[in-house]
There are 2 protein chains.
Amino acid sequence: MRLSKTFIKTLRDAPKDEQAKNAQLLIRAGYIHKEMAGVYDFLPLGLKVLENIKQIIREELNAIGAEELQMTALQNPEPWKATDRWDAKKMDVWFKTELSAGGELGLAPTHEEPLTNMMRDYISSYRDLPVLAYQFQTKFRNELRAKSGIMRTREFLMKDLYSFSPDEETHKKIYAEVEKAYAKIYERLGIGAETFETFASGGVFAKYSHEYQTLLNVGEDTVYYNKDKSVVLNKEVYNPEVLKDLGASEMTFEETNAAEVGNIFTLKYKYSEPLGLKFGDASGEKRTVFMGSYGIGVSRVMGVIVEKMADEKGLVWPENIAPYKYHIVAMGEKGTEKALEIYKGHEDEILLDDRDARFGEKMKDAELMGMPTRVVISDRTLEAREVEVTDRKTGETKQIAIDKFVASL
Amino acid sequence: MRLSKTFIKTLRDAPKDEQAKNAQLLIRAGYIHKEMAGVYDFLPLGLKVLENIKQIIREELNAIGAEELQMTALQNPEPWKATDRWDAKKMDVWFKTELSAGGELGLAPTHEEPLTNMMRDYISSYRDLPVLAYQFQTKFRNELRAKSGIMRTREFLMKDLYSFSPDEETHKKIYAEVEKAYAKIYERLGIGAETFETFASGGVFAKYSHEYQTLLNVGEDTVYYNKDKSVVLNKEVYNPEVLKDLGASEMTFEETNAAEVGNIFTLKYKYSEPLGLKFGDASGEKRTVFMGSYGIGVSRVMGVIVEKMADEKGLVWPENIAPYKYHIVAMGEKGTEKALEIYKGHEDEILLDDRDARFGEKMKDAELMGMPTRVVISDRTLEAREVEVTDRKTGETKQIAIDKFVASL
């Protein structure tokens with residue numbers, strides 16, 4: 001991307017009503033635009049980050065045999081009535097709308113019902129099981145208050161995976177495989193060291209569920225962790241009974257804030273039973289499918305990464321999800337010429353600031369935009385046949401021979 | 001994809017209420033699933049086709065300097081009130097909904113208003129122009145009747161590009177570039193030879209707009225074309241006045257059905273004026289931005305391709321958008337072993353039917369699913385060290401040495 005060609009620009013100010021650091025920085029740096037409270041557009045750089053996060057998730061889920069599909073936002077009430085989640089008293093985040101032709105529809109806040117319902121067409125025998133199906137889909141949730149920037153919104157991109165097993169034993173194996181895939185995903189996203197699988201309430205049907213919580217000052221959740229962080233609990237299950245159950249009664253725990261970046265649930269028969277998702281076992285007997293669900297909020301995790309990594313100068317992207325690896329600040333006629341020469345053929349790696357602007361402004365924008373490596377190419381660095389390379393995270397600067405830099409691309 | 005591992009399966013019947021050939025075949029072949037009238041899920045194979053179409057469009061639009069972003073579905077009424085399109089009498093396809101916190105919202109049927117409104121943050125000077133911004137976004141249209149399968153739905157994937165120019169002259173250049181890009185897109189999608197740029201009504205602000213119409217028996221539109229198809233008109237503008245205007249009064253025209261697969265509009269100041277999108281020209285004077293919009297219905301074009309290419313046996317995909325190039329039918333123990341060996345490392349090219357099923361069933365499914373090339377590997381073909389390769393479109397079959405086939409992958 002050439003900053004002289006793109007429509008995006010850094011903005012001096014975020015909208016006055018925007019209080020979350022993640023959204024303030026992403027708006028100022030030209031990654032997102034605010035439509036209204038809890039509803040954000042993704043501009044070219046923001047979309048690239050989302051796509052990079054999606055690709056990491058996709059690769060790890062495909063590796064465990066999950067299949068990608070795409071359900072719809074518009075929802076027929078019937079399957080939701082069958083599971084008793086259509087009524088706003090049972091699920092309070094519905095957006096509902098009306099068909100011109102008559103009849104109420106909903107906008108999917110999640111997809112257990114339609115996917116379970118659909119699987120009746122594809123699962124009939126034990127030979128069809130297990131199934132792992134996932135999607136990246138826009139979810140709509142009618143939150144009373146939208147806050148925390150892109151960490152809690154009314155329209156957001158979510159990865160939701162669902163598993164369909166013949167029995168609990170198979171389910172447990174799949175659950176363990178997803179746990180491993182999730183660990184790899186957070187590792188690759190650059191937040192592995194501070195993201196913990198956390199015990200949380202299992203709801204009506206299971207003792208516990210698991211959340212993935214990233215330690216974060218402004219996180220909305222409170223978690224408790226032991227010394228080596230091998231046991232982490234959401235506040236909702238931090239009580240003597242649960243600690244005893246987990247064999248953790250003797251441990252001492254510390255309290256901290258955290259942000260949920262994923263969750264995995266054992267659903268058992270919660271949706272398959274009322275929706276009649278059954279299969280014939282080896283003896284021909286009809287049995288109900290055993291289900292699990294596994295979510296990661298894609299735009300949410302992007303917000304969490306911003307909150308964790310950003311510093312007082314602006315965004316700081318981990319290399320795996322940065323829109324571009326290099327931010328080249330080109331100065332002077334020869335510097336710009338050389339920078340353009342280097343840029344050609346490396347458009348996927350380089351954000352090139354070839355604008356007619358002051359050095360100070362360009363350097364400030366490079367820090368705000370947060371690519372992992374800033375590279376200054378100017379008439380002066382060229383005289384020494386060098387470029388100046390700065391690590392965005394550490395601020396460490398090195399002079400590198402220009403040929404060596406080009407060879408490293 | 002291995003058919004023994006995927007959850008999708010071919011179905012004997014499409015739902016009884018489904019009348020369109022495209023949806024019937026796509027449902028039976030396991031590409032899509034019907035949620036309700038005009039609302040379809042995309043299963044793994046269907047999603048691959050959509051992604052392939054998107055990638056072709058993306059490459060051609062990026063090549064003319066357009067930038068990809070993603071707007072939201074939820075719409076604030078304000079900009080739509082400013083252009084007088086909020087009222088259902090002015091735009092009859094709105095789905096509307098309510099915020100829990102109070103206030104009406106809409107689901108975007110198109111995105112002129114929010115994008116024009118947003119550009120006020122990014123366009124202020126002639127130096128910022130021109131801008132070409134596009135997205136692949138789910139549109140919601142509250143059609144009274146949903147018919148034609150995935151060719152006309154209530155929720156669909158659309159590519160919409162918008163151009164922002166300082167003046168009509170610049171706009172015309174961009175318009176011509178988009179025309180060239182569109183020609184390349186339809187060519188690469190495999191419908192170039194039967195897709196024609198067609199004169200259509202320009203609405204209030206322009207004399208004409210252009211549609212891209214693919215000749216198709218079941219198309220919803222009627223078009224008129226001259227002998228060499230250099231002049232094609234939508235019925236709505238097929239009258240002596242327009243023919244005279246186009247210098248086509250002496251030509252003879254034939255009538256045919258066609259399906260619209262794209263459109264391009266000169267919007268002039270229709271949205272920029274009421275929304276106040278202005279820029280300072282070189283002399284510092286404020287002027288209104290000159291706009292254009294350019295759409296391609298991604299899921300719609302997929303439906304049109306199915307209608308055009310499919311035969312009595314099932315789907316027929318052009319190679320550029322097929323989910324997989326090869327459909328390998330593996331039979332017998334050794335045949336399946338060899339097929340699996342070939343499959344490894346070529347998972348992106350091969351759909352492998354390694355199910356424990358009868359030969360006839362596998363061959364029928366291969367025809368229904370429509371990959372460009374079917375390859376039979378059985379104990380018998382292996383004895384001759386050959387595979388049997390059949391072109392799905394022509395039905396032409398050849399025996400090819402197995403090593404030669406593997407080398408061609």
# chains A, B, ... in the order shown; residues from 1 in each chain; ligands from 1
>>> interface_residues(of="chain A", to="chain B", cutoff="6 Å", atoms="only C-alpha atoms", output="list in words")
Asp41, Phe42, Leu43, Pro44, Glu68, Leu69, Gln70, Met71, Thr72, Lys96, Thr97, Ser100, Ala101 and Leu144 of chain A
>>> residues_around(residues="Ser163 (chain A)", least_positions_apart="5", cutoff="12 Å", atoms="only C-alpha atoms", output="PyMOL selection string")
(chain A and resi 61+64-67+112+115-116+119+129-134+168+170-178+264-269+271-272+289-295) or (chain B and resi 7)
>>> atom_distance(atom1="CA of Lys235 (chain B)", atom2="CA of Gly203 (chain B)")
14.5 Å
>>> residues_around(residues="region 224-229 of chain A", least_positions_apart="5", cutoff="8 Å", atoms="only C-alpha atoms", output="VMD selection string")
chain A and resid 196 234 to 235 238 251 to 256
>>> write_last_selection(atoms="N, CA and C atoms", output="compact mmCIF listing (two decimals), in the first residue's frame")
# COMPACT_ATOMS: atom_id res chain seq x y z
N PHE A 196 -5.24 -17.79 29.01
CA PHE A 196 -5.37 -19.01 29.80
C PHE A 196 -6.73 -19.64 29.65
N ASN A 234 -12.97 -18.25 36.31
CA ASN A 234 -13.79 -17.05 36.22
C ASN A 234 -14.44 -16.81 37.58
N LYS A 235 -14.62 -15.54 37.91
CA LYS A 235 -15.22 -15.18 39.20
C LYS A 235 -16.51 -15.96 39.48
N TYR A 238 -15.64 -19.10 41.14
CA TYR A 238 -14.58 -19.05 42.18
C TYR A 238 -15.24 -19.17 43.55
N MET A 251 -4.63 -24.14 47.26
CA MET A 251 -3.88 -23.13 46.51
C MET A 251 -4.30 -21.72 46.92
N THR A 252 -3.39 -20.77 46.73
CA THR A 252 -3.77 -19.37 46.92
C THR A 252 -3.95 -18.74 45.53
N PHE A 253 -4.93 -17.87 45.45
CA PHE A 253 -5.29 -17.29 44.16
C PHE A 253 -5.16 -15.78 44.17
N GLU A 254 -4.82 -15.27 43.03
CA GLU A 254 -4.80 -13.80 42.86
C GLU A 254 -5.90 -13.39 41.90
N GLU A 255 -6.40 -12.20 42.12
CA GLU A 255 -7.49 -11.69 41.29
C GLU A 255 -6.93 -10.74 40.22
N THR A 256 -7.48 -10.81 39.02
CA THR A 256 -7.06 -9.85 38.00
C THR A 256 -8.18 -9.66 36.97
>>> atom_distance(atom1="CA of Gly247 (chain A)", atom2="CA of Val223 (chain A)")
17.6 Å
>>> atom_distance(atom1="CA of Ser408 (chain B)", atom2="CA of Gly395 (chain B)")
19.9 Å
>>> residues_around(residues="Tyr126 (chain A)", least_positions_apart="6", cutoff="10 Å", atoms="only C-alpha atoms", output="list in words")
Ser165, Pro166, Asp167, Lys278, Phe279, Gly280, Asp281, Ala282, Ser283, Gly284, Lys286, Arg287 and Val289 of chain A
